[in-house]
Every structure is written in C-alpha cells, then in structure tokens.
>>> print(open('start-v3.txt').read())   # compact mmCIF, C-alpha atoms
# COMPACT_ATOMS: atom_id res chain seq x y z
CA MET A 25 0.00 0.00 0.00
CA LYS A 26 2.76 2.40 0.92
CA ASN A 27 4.66 1.37 -2.17
CA LYS A 28 1.70 2.12 -4.37
CA SER A 29 1.16 5.60 -3.00
CA ARG A 30 4.85 6.37 -3.38
CA LEU A 31 4.69 5.28 -6.99
CA PHE A 32 1.67 7.51 -7.54
CA THR A 33 3.48 10.51 -6.07
CA ALA A 34 6.49 9.85 -8.26
CA ALA A 35 4.33 9.60 -11.36
CA LEU A 36 2.53 12.82 -10.45
CA ALA A 37 5.83 14.61 -9.94
CA ALA A 38 7.13 13.34 -13.26
CA ALA A 39 3.97 14.44 -15.05
CA LEU A 40 4.17 17.87 -13.46
CA MET A 41 7.80 18.27 -14.40
CA ALA A 42 7.14 17.16 -17.96
CA SER A 43 4.30 19.67 -18.25
CA THR A 44 6.44 22.58 -17.00
CA LEU A 45 9.25 21.56 -19.30
CA SER A 46 7.04 21.52 -22.33
CA TRP A 47 5.08 24.63 -21.41
CA GLY A 48 7.74 26.95 -20.09
CA PRO A 49 10.09 27.81 -22.93
CA VAL A 50 7.69 27.17 -25.80
CA HIS A 51 5.05 29.51 -24.43
CA ALA A 52 7.39 32.49 -24.23
CA GLU A 53 5.84 35.22 -26.30
CA GLY A 54 7.56 36.63 -29.37
CA GLY A 55 10.46 34.26 -29.54
CA LEU A 56 12.59 31.87 -27.58
CA LYS A 57 13.30 31.87 -23.88
CA SER A 58 15.92 29.94 -22.01
CA LEU A 59 14.88 27.51 -19.27
CA ARG A 60 15.58 30.28 -16.71
CA GLY A 61 13.35 32.66 -18.60
CA ALA A 62 15.95 34.85 -20.27
CA GLU A 63 15.13 36.10 -23.75
CA ILE A 64 17.14 34.51 -26.49
CA GLN A 65 17.58 36.94 -29.33
CA ALA A 66 17.72 34.98 -32.55
CA PRO A 67 19.23 37.02 -35.36
CA GLU A 68 16.78 38.30 -37.94
CA THR A 69 16.86 36.36 -41.17
CA GLU A 70 18.96 38.30 -43.58
CA SER A 71 17.61 38.95 -47.05
CA ALA A 72 19.44 37.43 -49.97
CA ASP A 73 22.60 39.13 -51.14
CA PRO A 74 21.48 41.66 -53.79
CA PHE A 75 24.81 41.61 -55.60
CA LYS A 76 25.41 39.52 -58.65
CA ALA A 77 28.70 37.71 -58.95
CA MET A 78 30.84 39.13 -61.73
CA LYS A 79 30.80 37.24 -65.00
CA ASP A 80 33.90 35.32 -65.97
CA SER A 81 36.51 37.66 -67.35
CA ALA A 82 40.18 37.80 -68.26
CA PRO A 83 42.57 38.31 -65.31
CA ILE A 84 41.95 41.61 -63.47
CA GLU A 85 44.83 44.09 -63.30
CA ARG A 86 46.42 44.58 -59.89
CA ASP A 87 46.01 47.91 -58.12
CA TYR A 88 48.95 47.84 -55.75
CA VAL A 89 52.23 46.04 -55.37
CA GLN A 90 51.94 42.66 -53.65
CA GLN A 91 48.16 42.59 -54.16
CA PRO A 92 46.92 39.01 -54.31
CA PRO A 93 45.36 38.73 -57.77
CA LEU A 94 41.55 38.87 -57.70
CA ILE A 95 39.48 35.90 -58.85
CA PRO A 96 37.92 36.84 -62.21
CA HIS A 97 35.22 34.18 -62.09
CA LYS A 98 32.42 32.81 -59.92
CA THR A 99 33.40 30.38 -57.20
CA ASP A 100 29.97 29.00 -56.21
CA GLY A 101 30.30 25.46 -55.01
CA TYR A 102 34.09 25.49 -55.15
CA THR A 103 35.15 23.97 -51.89
CA VAL A 104 38.53 23.60 -50.27
CA THR A 105 38.57 20.70 -47.85
CA MET A 106 41.17 18.57 -46.17
CA LYS A 107 40.72 16.00 -48.91
CA TYR A 108 40.40 18.14 -52.01
CA ASN A 109 41.23 21.66 -53.12
CA LYS A 110 38.98 22.74 -55.96
CA CYS A 111 41.13 25.77 -56.84
CA MET A 112 44.17 23.60 -57.33
CA ASP A 113 42.20 21.40 -59.71
CA CYS A 114 42.82 24.10 -62.35
CA HIS A 115 45.53 26.38 -60.97
CA SER A 116 48.13 23.79 -59.96
CA TRP A 117 51.27 23.31 -62.04
CA THR A 118 50.09 19.86 -63.12
CA ARG A 119 46.72 21.16 -64.32
CA TYR A 120 47.06 24.74 -65.59
CA LYS A 121 48.16 23.83 -69.14
CA GLU A 122 45.08 21.69 -69.74
CA THR A 123 42.66 24.11 -68.13
CA GLY A 124 44.15 27.38 -69.33
CA ALA A 125 44.14 28.83 -65.82
CA THR A 126 46.78 31.03 -64.25
CA LYS A 127 49.27 28.80 -62.46
CA VAL A 128 49.82 29.24 -58.76
CA SER A 129 52.88 31.32 -57.89
CA LEU A 130 56.06 29.47 -56.94
CA THR A 131 56.27 31.70 -53.87
CA HIS A 132 53.40 29.61 -52.50
CA PHE A 133 55.58 26.50 -52.26
CA LYS A 134 57.59 27.85 -49.33
CA THR A 135 56.67 26.96 -45.76
CA ARG A 136 56.79 29.54 -43.00
CA ASP A 137 60.17 28.11 -42.00
CA GLY A 138 61.54 28.83 -45.46
CA GLN A 139 61.52 25.25 -46.65
CA GLU A 140 60.67 24.72 -50.33
CA LEU A 141 58.04 22.01 -50.94
CA SER A 142 57.10 20.24 -54.15
CA ASN A 143 53.61 21.76 -54.09
CA ILE A 144 51.74 24.53 -52.27
CA SER A 145 52.57 24.95 -48.61
CA PRO A 146 49.95 24.35 -45.90
CA ARG A 147 49.96 28.07 -45.09
CA ARG A 148 48.83 28.78 -48.67
CA TYR A 149 46.23 26.01 -48.84
CA PHE A 150 43.19 28.21 -48.25
CA CYS A 151 43.22 30.30 -51.42
CA GLN A 152 40.29 32.57 -50.55
CA GLN A 153 42.01 33.92 -47.45
CA CYS A 154 43.77 36.25 -49.90
CA HIS A 155 42.24 35.76 -53.36
CA VAL A 156 38.62 36.83 -53.60
CA PRO A 157 35.96 36.90 -56.31
CA GLN A 158 34.23 40.17 -57.18
CA VAL A 159 30.62 41.37 -57.36
CA ASP A 160 29.09 44.25 -59.29
CA ALA A 161 28.96 46.44 -56.16
CA LYS A 162 29.83 50.14 -56.30
CA PRO A 163 32.29 51.53 -53.71
CA LEU A 164 30.43 52.62 -50.57
CA VAL A 165 32.57 55.75 -50.27
CA ALA A 166 34.03 57.74 -53.17
CA ASN A 167 37.80 57.75 -53.20
CA LYS A 168 40.68 58.98 -55.29
CA PHE A 169 42.69 55.79 -55.22
CA LYS A 170 45.04 55.30 -58.13
CA PRO A 171 47.11 52.19 -58.82
CA ALA A 172 50.79 52.42 -57.94
CA GLU A 173 53.09 54.09 -60.52
CA GLY A 174 55.02 51.02 -61.48
CA ILE A 175 52.02 48.79 -62.24
CA ARG A 176 49.68 51.28 -63.89
CA MET B 27 1.49 -25.67 -98.59
CA GLU B 28 2.06 -22.01 -97.85
CA ASN B 29 -1.09 -21.74 -95.78
CA ASN B 30 -0.19 -24.79 -93.77
CA LYS B 31 1.87 -23.05 -91.12
CA PRO B 32 -0.50 -20.24 -90.04
CA ALA B 33 -3.43 -22.62 -90.27
CA GLY B 34 -1.57 -25.10 -88.11
CA LEU B 35 -0.78 -22.40 -85.59
CA THR B 36 -4.35 -21.18 -85.37
CA ALA B 37 -5.54 -24.74 -84.96
CA ARG B 38 -3.06 -25.34 -82.18
CA VAL B 39 -4.11 -22.15 -80.37
CA ARG B 40 -7.75 -23.15 -80.71
CA ALA B 41 -6.99 -26.61 -79.34
CA TRP B 42 -5.10 -25.06 -76.41
CA VAL B 43 -7.94 -22.65 -75.58
CA ALA B 44 -10.46 -25.48 -75.82
CA GLY B 45 -8.26 -27.58 -73.59
CA ILE B 46 -7.99 -25.18 -70.67
CA GLY B 47 -11.14 -23.16 -71.23
CA VAL B 48 -11.87 -19.61 -72.36
CA VAL B 49 -12.33 -18.38 -68.81
CA THR B 50 -8.89 -19.61 -67.78
CA VAL B 51 -7.30 -17.90 -70.78
CA LEU B 52 -9.04 -14.62 -69.93
CA GLY B 53 -8.00 -15.06 -66.32
CA LEU B 54 -4.38 -15.54 -67.32
CA PHE B 55 -4.58 -12.42 -69.51
CA VAL B 56 -5.94 -10.28 -66.66
CA ALA B 57 -3.46 -11.77 -64.20
CA GLY B 58 -0.66 -10.80 -66.57
CA ILE B 59 -1.82 -7.19 -66.69
CA VAL B 60 -2.21 -7.02 -62.92
CA PHE B 61 1.19 -8.58 -62.33
CA TRP B 62 2.91 -6.30 -64.85
CA GLY B 63 1.25 -3.19 -63.49
CA GLY B 64 1.95 -4.21 -59.92
CA PHE B 65 5.57 -4.97 -60.69
CA ASN B 66 6.16 -1.61 -62.35
CA THR B 67 4.27 0.27 -59.62
CA ALA B 68 6.34 -1.45 -56.95
CA MET B 69 9.52 -0.62 -58.85
CA GLU B 70 8.49 3.01 -59.21
CA MET B 71 7.91 3.10 -55.45
CA THR B 72 11.63 2.44 -55.04
CA ASN B 73 12.40 5.20 -57.53
CA ARG B 74 11.40 8.13 -55.33
CA GLU B 75 13.47 10.47 -53.23
CA GLU B 76 11.48 9.55 -50.09
CA PHE B 77 12.36 5.91 -50.59
CA CYS B 78 16.07 6.70 -51.04
CA ILE B 79 16.29 8.80 -47.89
CA GLY B 80 14.25 6.27 -45.94
CA CYS B 81 17.64 4.98 -44.80
CA HIS B 82 19.70 7.25 -42.54
CA GLU B 83 22.84 6.35 -44.49
CA MET B 84 21.48 8.31 -47.45
CA LYS B 85 19.57 10.96 -45.52
CA ASN B 86 22.41 12.05 -43.23
CA ASN B 87 25.29 11.86 -45.67
CA VAL B 88 24.76 12.25 -49.40
CA TYR B 89 21.27 13.78 -49.18
CA ALA B 90 22.43 16.42 -46.70
CA GLU B 91 25.32 17.32 -48.98
CA TYR B 92 23.10 17.47 -52.03
CA GLN B 93 20.82 20.00 -50.31
CA ASN B 94 23.48 22.68 -50.78
CA THR B 95 23.72 22.17 -54.52
CA VAL B 96 21.99 23.58 -57.56
CA HIS B 97 20.27 20.29 -58.31
CA TYR B 98 18.32 20.55 -55.04
CA SER B 99 17.50 24.25 -54.96
CA ASN B 100 17.84 26.83 -57.69
CA ARG B 101 16.17 29.95 -59.07
CA SER B 102 13.49 28.14 -61.08
CA GLY B 103 12.79 25.21 -58.78
CA VAL B 104 13.43 22.49 -61.32
CA ARG B 105 15.00 19.63 -59.43
CA ALA B 106 16.97 16.51 -60.14
CA THR B 107 16.20 13.99 -57.40
CA CYS B 108 18.22 10.89 -56.50
CA PRO B 109 16.87 8.52 -59.19
CA ASP B 110 17.15 11.17 -61.93
CA CYS B 111 20.93 10.84 -61.71
CA HIS B 112 21.43 7.39 -60.24
CA VAL B 113 18.84 5.22 -62.00
CA PRO B 114 18.64 4.92 -65.81
CA LYS B 115 15.31 5.91 -67.39
CA GLU B 116 15.34 3.17 -70.06
CA TRP B 117 13.66 -0.03 -68.95
CA VAL B 118 16.40 -2.64 -69.45
CA PRO B 119 19.27 -0.58 -67.97
CA LYS B 120 16.89 0.35 -65.14
CA ILE B 121 16.23 -3.32 -64.31
CA ILE B 122 19.96 -4.08 -64.46
CA ARG B 123 20.69 -1.19 -62.08
CA LYS B 124 17.86 -2.24 -59.74
CA VAL B 125 19.21 -5.80 -59.57
CA GLN B 126 22.68 -4.43 -58.82
CA ALA B 127 21.15 -2.19 -56.17
CA SER B 128 19.90 -5.22 -54.28
CA LYS B 129 23.47 -5.40 -52.99
CA GLU B 130 22.75 -2.14 -51.20
CA VAL B 131 20.01 -3.91 -49.22
CA TRP B 132 22.67 -6.33 -48.03
CA GLY B 133 24.85 -3.33 -47.18
CA LYS B 134 22.02 -1.88 -45.14
CA ILE B 135 21.52 -5.14 -43.24
CA THR B 136 25.23 -5.54 -42.46
CA GLY B 137 25.56 -1.82 -41.68
CA ILE B 138 28.62 -1.31 -43.85
CA VAL B 139 28.23 2.49 -43.94
CA ASP B 140 25.95 3.05 -40.95
CA THR B 141 28.06 5.79 -39.33
CA PRO B 142 29.47 8.98 -40.91
CA GLU B 143 32.99 7.64 -40.27
CA LYS B 144 32.27 4.37 -42.02
CA PHE B 145 30.63 6.28 -44.87
CA GLU B 146 33.75 8.45 -45.28
CA ALA B 147 35.94 5.36 -45.28
CA HIS B 148 33.93 3.93 -48.18
CA ARG B 149 33.27 7.17 -50.04
CA LEU B 150 36.17 6.82 -52.47
CA GLU B 151 35.15 3.28 -53.40
CA MET B 152 31.48 4.21 -53.87
CA ALA B 153 32.27 7.39 -55.81
CA THR B 154 34.71 5.59 -58.10
CA ARG B 155 32.05 2.99 -58.88
CA GLU B 156 29.49 5.66 -59.75
CA TRP B 157 31.97 7.63 -61.89
CA ALA B 158 32.76 4.44 -63.82
CA ARG B 159 29.06 3.71 -64.33
CA MET B 160 28.37 7.20 -65.66
CA LYS B 161 31.39 7.16 -67.92
CA ALA B 162 30.34 3.78 -69.34
CA ASN B 163 26.92 5.08 -70.39
CA ASN B 164 28.31 8.40 -71.64
CA SER B 165 26.73 10.30 -68.72
CA GLN B 166 23.25 9.38 -69.96
CA GLU B 167 21.53 10.57 -66.78
CA CYS B 168 23.12 14.03 -67.14
CA ARG B 169 22.18 14.20 -70.78
CA ASN B 170 18.55 13.29 -70.07
CA CYS B 171 18.24 16.98 -69.16
CA HIS B 172 21.46 18.63 -70.31
CA ASN B 173 21.55 17.93 -74.03
CA PHE B 174 24.83 19.42 -75.13
CA GLU B 175 23.77 19.53 -78.77
CA TYR B 176 21.53 22.41 -77.75
CA PHE B 177 24.10 24.30 -75.69
CA ASP B 178 24.11 28.04 -76.40
CA TYR B 179 27.73 28.93 -75.87
CA ALA B 180 26.93 32.62 -76.09
CA VAL B 181 25.20 32.52 -72.70
CA GLN B 182 27.69 30.21 -71.05
CA GLY B 183 30.55 31.62 -69.03
CA ARG B 184 33.89 32.26 -70.65
CA ARG B 185 35.51 29.22 -69.14
CA GLY B 186 32.57 26.88 -69.64
CA ALA B 187 32.02 27.78 -73.28
CA ASN B 188 35.67 27.14 -74.15
CA THR B 189 36.07 24.00 -72.10
CA HIS B 190 32.81 22.41 -73.24
CA GLN B 191 33.59 22.80 -76.93
CA GLN B 192 37.12 21.52 -76.50
CA ALA B 193 36.02 18.56 -74.39
CA PHE B 194 33.27 17.47 -76.79
CA THR B 195 35.73 17.63 -79.68
CA GLU B 196 38.01 15.33 -77.73
CA GLY B 197 35.09 12.96 -77.08
CA LYS B 198 34.83 13.58 -73.37
CA THR B 199 31.65 13.06 -71.38
CA CYS B 200 30.08 15.10 -68.56
CA ILE B 201 31.38 13.02 -65.64
CA ASP B 202 34.98 13.30 -66.87
CA CYS B 203 35.04 16.83 -65.43
CA HIS B 204 31.85 17.30 -63.39
CA LYS B 205 32.62 15.16 -60.36
CA GLY B 206 31.44 16.10 -56.90
CA ILE B 207 28.72 18.46 -58.16
CA ALA B 208 26.02 16.98 -55.94
CA HIS B 209 27.91 15.31 -53.12
CA LYS B 210 31.12 15.79 -51.21
CA LEU B 211 34.16 14.48 -53.03
CA PRO B 212 36.26 11.70 -51.58
CA GLU B 213 39.96 12.32 -51.11
CA VAL B 214 41.62 13.19 -54.41
CA ASP B 215 45.33 12.77 -55.08
CA GLN B 216 46.56 16.28 -55.86
CA SER B 217 50.05 15.58 -54.49
CA ILE B 218 49.59 18.28 -51.88
CA THR B 219 49.00 16.61 -48.55
CA PRO B 220 49.60 13.07 -47.28
CA ILE B 221 45.86 12.78 -46.63
CA ASN B 222 44.79 13.08 -50.24
CA ALA B 223 47.80 11.13 -51.55
CA GLU B 224 45.71 7.99 -51.03
CA GLY B 225 42.74 9.43 -52.87
CA ALA B 226 41.48 9.12 -56.42
CA PRO B 227 44.54 9.09 -58.72
CA PRO B 228 44.78 11.64 -61.59
CA GLN B 229 43.91 9.10 -64.29
CA VAL B 230 40.66 8.35 -62.47
CA PHE B 231 39.79 11.90 -61.48
CA HIS B 232 40.68 13.36 -64.88
CA PRO B 233 40.45 10.38 -67.20
CA PRO B 234 41.85 10.71 -70.72
CA ALA B 235 39.34 11.28 -73.54
CA GLY B 236 37.51 8.31 -75.04
CA LYS B 237 35.59 5.48 -73.44
>>> encode(input="start-v3.txt", output="structure tokens")
Amino acid sequence: MKNKSRLFTAALAAALMASTLSWGPVHAEGGLKSLRGAEIQAPETESADPFKAMKDSAPIERDYVQQPPLIPHKTDGYTVTMKYNKCMDCHSWTRYKETGATKVSLTHFKTRDGQELSNISPRRYFCQQCHVPQVDAKPLVANKFKPAEGIR
Amino acid sequence: MENNKPAGLTARVRAWVAGIGVVTVLGLFVAGIVFWGGFNTAMEMTNREEFCIGCHEMKNNVYAEYQNTVHYSNRSGVRATCPDCHVPKEWVPKIIRKVQASKEVWGKITGIVDTPEKFEAHRLEMATREWARMKANNSQECRNCHNFEYFDYAVQGRRGANTHQQAFTEGKTCIDCHKGIAHKLPEVDQSITPINAEGAPPQVFHPPAGK
C-alpha cells in the first residue's frame, strides 16, 4: 500500500515536471526563452545578397604592389577541404596547361620556416584567405585611389 | 502448302484454348496485366526520393550534402532527385541497375556504412564505382536533361564555353570533369597533402578522352 502511493506521487511529480518543461520555454511570447526565462535573441533572417557575382573575365589588373590577384570568375560550389582543393584542380602546375588557368605562384611553395616544398605549402592552402571573387557592387565611399606608378 | 503453317498455328491455339477453357485464358490475360502493373508500380515506389532517404545512411550523408547544390534548390525550382541521376530511365538498364542495387540492401543489413565515419571510409570506393558507371553510359543521366547539342555557348561563361567545346571535340563526357557536383568528393590525389595522396589518382579523377 505504501509502495503504491509512493509510486503515484512519483508519477505525479514526473507528469508535473514534464508539463512545466514543455510549457515553459515554448510559451514564451515573441520568440525563444531559455529555461531560466531569459530572452534569447535569434538574429533576424537576412535577405538574400542583392549583388550579382561578376561574370567570368580575363585576369583583373592589380592595383597595388603585392596585391593578391583577384578571382575573375564565380566560385559558387568550389570547396577547399582537407581532402580536395577545388582551386588547385585548375591552378596547380600539373593542371594549368590543360585548363588554361593562371598557375599558382612558386612563392606559394615555401613553408613559414623557409623550406621549399614540391607543391603549395599548408599556409597557402586556403586560397580565398587572400584571393577573392568580385561582385558588381559600387564603392560605398568615393575615393581617389590610383594604382601604384610602377604597375599602372 | 504455304497456308499450312498459319493454319496449323491457329488450330493449335484453338486446341489449347479449348483444352484449358476460355475463362482460364481470360483469367491468365488479366493476371498478366495485374502482375505487370503491380511490378512496375512497386519498382516506381523504389524510384522516389522519399524511398532513397528512408535509410539514414542516405539521408544524413549524401542527401544532406546534395541540399546545398543547384540540383536541389535553384532559381526556377526544377529539381533533379536521387533517381534522376542514379537510375537509368530506359527499362532494361533500369532493371539491371535495380538488380545491382539489391546489394545495397545487403549493405544496409550488415551496416557497412551506418556511421558517418564508415561512410567516409567507403566514399572513395562508392564514388569511383558511380563515376565508372556514368562514364560507361556516356553520362546518360546528365544528358537526359542537359543535351549538349543544344548548348548556347553565347550565354555560357567564358571558361565553360571554351572547355565544353574543347572537351566534346576530344570525345569527353560530362562526368569526366563534373565530379562532386552533388555530393562531397572523396579524397583526391593532388600531391599536396599526405591525406589526399591515397585518394582518387589523376587518371581516375581526370580520365583521358575516349571510353
């Protein structure tokens, strides 16, 4: 008899807890709340990027010395993973002749310790850290920038 | 003499019908239709995206990857689902592929790729098999929609227009270049890192022209 009543109490407690769990956070008005009741501000959904990626073009002139060349084509779906580097599928020394792409600079074969490797160094593996594609966006602020004398 | 054969045939058919009865013959005819329709309906049931992603191996790996690609979502909403690329449309090749696919049922039972790690370990093998299949049928499933005889090179990108024309002249097929467009690629040997040194070798990843 005692056992039974204890079981009933336990079940009641469990049911009560389950009901608070399912009611509490979900019922918070106008968004999410944490279990302790704090508002969780989810970021507003951003609208789609209004810019169109630039159409494929010939290589873009550099504007300053040591500028990493810009990418003159779309790069949608081009991934660089541990197992495969899409950029190097065209721009590597073994592939550029067949694909007609610009070959990767030999400077990229050197490790940070100055050791020359037989292919690009790990520190140069992620191409888009420096080389970026372009969109048809206008400059946000007008400026009088002119390319350096020697490369004009 | 000349009429003997057809006459003989007709007579034999008549004798056969008389032997087993008109009702039985009609019954057999209807049973044939029902069986044929049922067979094809059942086969079409296995030719739907929902069926393919009924297994978590497909849903959590290749299907999740495919959701980020143009064949899943694009500006006009025309989609290519799993069977559009992986099952031939023609009846005989379809049956052959379906019989081969019964091996995948065995794979499901034995759980050969039932974790993401196991799937990654087998990705190269599975991808190589699918590349070989598509090369063998001249990328038929691509060309069911992308008929390159109707390409308008004026609206293609600079690189695409050049490469397509050159590749078709050399007798290349879609899959020779367009690998990994819907799913993650396995490791590919680009002689960069030790990890991808064990991947797909250059002659597999960029096969020479011709079948």
>>> closest_atom_pairs(input="start-v3.txt", of="chain B", to="chain A", cutoff="10 Å", atoms="all atoms listed in the file", output="Markdown table")
| residue | atom | partner | partner_atom | distance |
| --- | --- | --- | --- | --- |
| B:Asn94 | CA | A:Gly101 | CA | 8.5 |
| B:Thr95 | CA | A:Gly101 | CA | 7.4 |
| B:Val96 | CA | A:Gly101 | CA | 8.9 |
| B:Gln182 | CA | A:Asp80 | CA | 9.5 |
| B:Gly183 | CA | A:Asp80 | CA | 5.9 |
| B:Arg184 | CA | A:Asp80 | CA | 5.6 |
| B:Arg185 | CA | A:Asp80 | CA | 7.1 |
| B:Gly186 | CA | A:Asp80 | CA | 9.3 |
| B:Asn188 | CA | A:Thr123 | CA | 9.7 |
| B:Thr189 | CA | A:Thr123 | CA | 7.7 |
| B:Gly206 | CA | A:Gly101 | CA | 9.6 |
| B:Ile207 | CA | A:Gly101 | CA | 7.8 |
| B:Ala208 | CA | A:Gly101 | CA | 9.5 |
| B:Lys210 | CA | A:Thr103 | CA | 9.1 |
| B:Leu211 | CA | A:Tyr108 | CA | 7.3 |
| B:Pro212 | CA | A:Lys107 | CA | 6.7 |
| B:Glu213 | CA | A:Lys107 | CA | 4.4 |
| B:Val214 | CA | A:Tyr108 | CA | 5.6 |
| B:Asp215 | CA | A:Tyr108 | CA | 7.9 |
| B:Gln216 | CA | A:Tyr108 | CA | 7.5 |
| B:Ser217 | CA | A:Asn143 | CA | 7.1 |
| B:Ile218 | CA | A:Asn143 | CA | 5.8 |
| B:Thr219 | CA | A:Pro146 | CA | 8.2 |
| B:Pro220 | CA | A:Lys107 | CA | 9.5 |
| B:Ile221 | CA | A:Lys107 | CA | 6.5 |
| B:Asn222 | CA | A:Lys107 | CA | 5.2 |
| B:Ala223 | CA | A:Lys107 | CA | 9.0 |
| B:Glu224 | CA | A:Lys107 | CA | 9.7 |
| B:Gly225 | CA | A:Lys107 | CA | 7.9 |
| B:Pro228 | CA | A:Thr118 | CA | 9.9 |
| B:Phe231 | CA | A:Asp113 | CA | 10.0 |
| B:His232 | CA | A:Asp113 | CA | 9.7 |
>>> residues_around(input="start-v3.txt", residues="Phe150 (chain A)", least_positions_apart="3", cutoff="8 Å", atoms="all atoms listed in the file", output="VMD selection string")
chain A and resid 104 147 153
>>> residues_around(input="start-v3.txt", residues="Phe75 (chain A)", least_positions_apart="2", cutoff="12 Å", atoms="all atoms listed in the file", output="list in words")
Ser71, Ala72, Asp73, Ala77, Met78, Lys79, Gln158, Val159, Asp160, Ala161 and Lys162 of chain A
>>> write_last_selection(input="start-v3.txt", atoms="C-alpha atoms", output="compact mmCIF listing (two decimals), in the frame of the given file")
# COMPACT_ATOMS: atom_id res chain seq x y z
CA SER A 71 17.61 38.95 -47.05
CA ALA A 72 19.44 37.43 -49.97
CA ASP A 73 22.60 39.13 -51.14
CA ALA A 77 28.70 37.71 -58.95
CA MET A 78 30.84 39.13 -61.73
CA LYS A 79 30.80 37.24 -65.00
CA GLN A 158 34.23 40.17 -57.18
CA VAL A 159 30.62 41.37 -57.36
CA ASP A 160 29.09 44.25 -59.29
CA ALA A 161 28.96 46.44 -56.16
CA LYS A 162 29.83 50.14 -56.30
>>> atom_distance(input="start-v3.txt", atom1="CA of Phe194 (chain B)", atom2="CA of Pro83 (chain A)")
25.5 Å
>>> closest_residue(input="start-v3.txt", among="B:Lys120, B:Glu151, B:Arg105, B:Glu175", to="Asn66 (chain B)", atoms="only C-alpha atoms")
B:Lys120
>>> atom_distance(input="start-v3.txt", atom1="CA of His209 (chain B)", atom2="CA of Glu83 (chain B)")
13.4 Å
>>> atom_distance(input="start-v3.txt", atom1="CA of Cys171 (chain B)", atom2="CA of Ala106 (chain B)")
9.1 Å
>>> closest_residue(input="start-v3.txt", among="B:Asn86, B:Trp157, B:Asn163, B:Asp110", to="Pro142 (chain B)", atoms="all atoms listed in the file")
B:Asn86
